[in-house]
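Heads up, the thing below is written out as structure tokens.
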Amino acid sequence: MRYITWLGTGVKIILVLLLVLFGISSMRQLWLGSIDIGDRGTERLDQWETDMQLVREALPIQRGLVGYISEENVESVEFAYWDIETEFLLTQYALAPLIVKKGLAAEWNVVVLKDDDLETWRQSNPGEYEITKIKGKFSILHDLGNP
Amino acid sequence: MTLLSFITFIPTVILGTLIVHLIWPEKSLTAILLKFSLGTGLGLGISSILYFLVLQIAPGRVNMLILQAILLIPLFIASYSKAKFPRIADLQIPAMSWLQWGLFTIFIASLVISGLVFVNYITSRPQGVFDAWSIWNRAARFIHRDPENWIATLSPELPLLRHADYPLLIPLNVAWGWDLLGNETLRISMMQSILFTFGTIFLMFSALASTQTLGQASLASVILMGISGIVASGTNLVADVPVTYFVLASGILMYMFTQRNEFPLLILSGFMAGLAGWTKNEGLLFIAVSPFALIAAAPSKIRQSFLYYMAGLIIPLLVILYFKTLAPANDLMTNSGASLIEKITDLTRYELIIRSFATDVFRRETIFLFIYMLIMWNGFAWKRWHGILALAMLLVLQVLGYAGIYLITPYDLEWHLVTSQYRLFMQIIPLALFLCFSISTDPESVIFARKQVDS
């Protein structure tokens, strides 16, 4: 009987030791997984924020809805869905508390298109617009027919 | 800015700790650490509710630091006159065996490593993950930049998957922190995340040090840091770790009630459950399942238990209900009646969910801990049985709730499981670990038992 108790206790001691080793090993893995990670998309996000700050300052409204025109709205342009979606969400994040809605959705619209793509979009969306170039592919489109 | 962000939350933590002390005036050393751990989350929850009320009454015109300072004065007076502060002379560090010193040293070393890991991750991605900026900090910006029109953050015009309906505990704290510092610094989000991440670790440590032994508390906390993913997840700057914290806090308090028969602990448990719901929608599921666990916790005093539990739950619950009247419908509620029946009767969906859940349940470390728990099982003590049953019910019902939500999800089930299941399980891992280490014999008893056998 004494040997059985001794054996049971021995097994428990081994288990405790194993758990301690398991804990130490897990901490080591956690540490190793965290070193030399490098940048994980921060640069792109910061750059977008900086560019959108110019758009935000140029927009005459601080509250309400603004439209968002991108490659998604130009039929002939091929685009990667998640890139476009991420840019759209980054724009929403940067322009808060304005609510950004895809398409020509309001009087004031943010355009993220190269010049020739914007021209293609204009041909398929005739109307009276005032376009203010901000920087690179960023512009503001004032829909004069939607006051 | 890091120091200022830290200072910003000091009154919040003190506020929460004093409230815990007033409700539960226990004065032992481990209880004090437990109170700070509980006070951290409670303070952050209360400050978010206060700021939410400020937005309804006088948006942009109340300084949260002054408001919290005003509230601290009566709390200090009440604590001093009624609950009394413990005297330093009474707070003696208990004598520790070589085993306890060893395990405690490993715990402290793991804590330091966790701190460094947190810094490594957060410096590589200060904005947090995709959801951090597109959901949580986006909402914080809406509130901070235009407090008078804060409700715009709930606009149904916002993209469906950016969850305008999500509760506001996290963004509200970030927004008032920015208000206070006059700067949209990411350090505020990081500091809040540090408080919740390390609050969870200290909660586990101090609760097990109170209910079990120092060795058991150290061992459990090292395992928590090593396997739960809580440290890395904390740097994501989303609401998963905060909801994990509140689920753990509510469960621990319910368990401690069963051990000590002190009903005020249930007030805190209810409040913590409410704050889980005020943090993320999964917390609403926790609120729904917790009454069943409460029945298991106190079957002979159900009425009294519910009264105390509801006394704590009612304030956050009312805030949530009011918030839900303003928020758009949740994306998971877009099912029509016919499609709902179709999904519920589709057996392949059950199979897919079970298979997917099995990948998280039958992991190497989970199997090891399960075997550990079975062999180290420290017997059926009737007093502990109710607490263990209550925790087990919380965990099982929460998992069943997750399964139910997946069953009726309007999204592609496989995609939904792949993108969210890990996070959902992470929210209950600390509570599962607390249960595991509450059931298991502590390392001190194992060593002493060996000495007795040898002699």
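Going by the structure tokens order, chains are called A, B, ..., each with residues numbered from 1, while ligands are numbered from 1 in the order shown.
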>> Among stretch 13-140 of chain A, which ones does DSSP assign to strand (DSSP E) (computed from the backbone)? Answer as a ChimeraX atom specification.
In response: /A:65-69,99-102,108-112,129-135,138-140
> What's the 6 Å shell around stretch 109-114 of chain A, counting only C-alpha atoms, without same-chain residues fewer than 4 positions away, as a ChimeraX atom specification?
Replying inline: /A:66-70,118,137-141
Chain B near chain A within 6 Å: what's each residue's closest atom pair and its distance in Å to one decimal, counting only C-alpha atoms, ordered by chain then ascending residue number, as a tab-separated table?
```
residue	atom	partner	partner_atom	distance
B:Val117	CA	A:Ser34	CA	5.6
B:Asn120	CA	A:Ser34	CA	5.9
B:Ser124	CA	A:Asp39	CA	5.0
B:Arg125	CA	A:Arg40	CA	5.7
B:Arg138	CA	A:Tyr93	CA	5.1
B:Phe142	CA	A:Pro97	CA	4.4
B:Val222	CA	A:Gly23	CA	5.8
B:Ile223	CA	A:Gly23	CA	5.2
B:Gly226	CA	A:Ser26	CA	4.6
```
For the residues selected in the previous step, produce a file with N, CA and C atoms as a PDB file, in the first residue's frame.
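And here's part.pdb as it stands now:
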```pdb
ATOM      1  N   VAL B 117       7.994  40.914 -24.553  1.00  0.00           N
ATOM      2  CA  VAL B 117       7.277  40.420 -25.742  1.00  0.00           C
ATOM      3  C   VAL B 117       6.229  41.450 -26.165  1.00  0.00           C
ATOM      4  N   ASN B 120       7.981  44.242 -27.918  1.00  0.00           N
ATOM      5  CA  ASN B 120       8.428  43.823 -29.260  1.00  0.00           C
ATOM      6  C   ASN B 120       7.271  43.840 -30.264  1.00  0.00           C
ATOM      7  N   SER B 124       6.343  46.817 -33.395  1.00  0.00           N
ATOM      8  CA  SER B 124       6.307  46.426 -34.809  1.00  0.00           C
ATOM      9  C   SER B 124       4.964  46.784 -35.457  1.00  0.00           C
ATOM     10  N   ARG B 125       3.957  47.063 -34.622  1.00  0.00           N
ATOM     11  CA  ARG B 125       2.645  47.414 -35.175  1.00  0.00           C
ATOM     12  C   ARG B 125       1.889  48.290 -34.173  1.00  0.00           C
ATOM     13  N   ARG B 138     -11.391  53.612 -34.805  1.00  0.00           N
ATOM     14  CA  ARG B 138     -12.270  54.394 -35.692  1.00  0.00           C
ATOM     15  C   ARG B 138     -13.438  54.964 -34.869  1.00  0.00           C
ATOM     16  N   PHE B 142     -14.426  58.946 -33.926  1.00  0.00           N
ATOM     17  CA  PHE B 142     -15.752  59.559 -34.096  1.00  0.00           C
ATOM     18  C   PHE B 142     -16.156  60.295 -32.823  1.00  0.00           C
ATOM     19  N   VAL B 222       2.182  31.268 -15.063  1.00  0.00           N
ATOM     20  CA  VAL B 222       3.205  31.017 -16.098  1.00  0.00           C
ATOM     21  C   VAL B 222       2.560  30.313 -17.289  1.00  0.00           C
ATOM     22  N   ILE B 223       1.722  29.331 -16.997  1.00  0.00           N
ATOM     23  CA  ILE B 223       1.036  28.604 -18.087  1.00  0.00           C
ATOM     24  C   ILE B 223       0.114  29.558 -18.845  1.00  0.00           C
ATOM     25  N   GLY B 226       2.242  31.583 -21.068  1.00  0.00           N
ATOM     26  CA  GLY B 226       2.918  30.786 -22.094  1.00  0.00           C
ATOM     27  C   GLY B 226       2.022  30.240 -23.167  1.00  0.00           C
TER      28      GLY B 226
END
```
>> Need to verify the contact set: stretch 310-326 of chain B, 6 Å, only C-alpha atoms, exclusion of same-chain residues closer than 5 positions in sequence. Can you return it as an MDAnalysis selection string?
In response: chainID B and resid 267:268 270:271 274
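Our summary of the geometry notes that atom CA of B:Asp131 is positioned 11.9 Å from atom CA of B:Thr419.
Across the model, the gap from atom CA of B:Pro291 to atom CA of B:Gln398 is 12.1 Å.
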> Leaving out B:Phe246 and any residue of its chain fewer than 6 positions from it, which residues lie within 12 Å of it when counting only C-alpha atoms, given as a ChimeraX atom specification?
Replying inline: /B:37-45,169,196-197,199-200,203-204,239-240,252-253,268-280,282-284,286-287,427-428,430-431
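The list of residues with at least one atom within 9 Å of B:Ala164, based on only C-alpha atoms and without residues fewer than 4 positions apart in the same chain, reads Ile135, Ala139, Thr153, Leu154, Ser155, Pro156, Glu157, Leu158, Pro159, Leu160, Ala327, Pro328, Ala329 and Asn330 of chain B.
Our summary of the geometry notes that atom CA of B:Ala69 is positioned 26.7 Å from atom CA of B:Trp136.
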>> I'd like to know which residues of stretch 44-268 of chain B are alpha helix (DSSP H) (by DSSP, run on the backbone); could you write them as a ChimeraX atom specification?
In response: /B:44-57,64-78,98-124,130-131,137-145,169-181,186-211,214-227,230-234,240-260,264-268
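For stretch 121-123 of chain A, the list of residues within 9 Å, based on only C-alpha atoms and with local chain neighbours fewer than 4 positions off taken out, reads Ile69, Glu71, Asn73, Val74, Glu75, Asp116, Asp117, Gly127 and Tyr129 of chain A.
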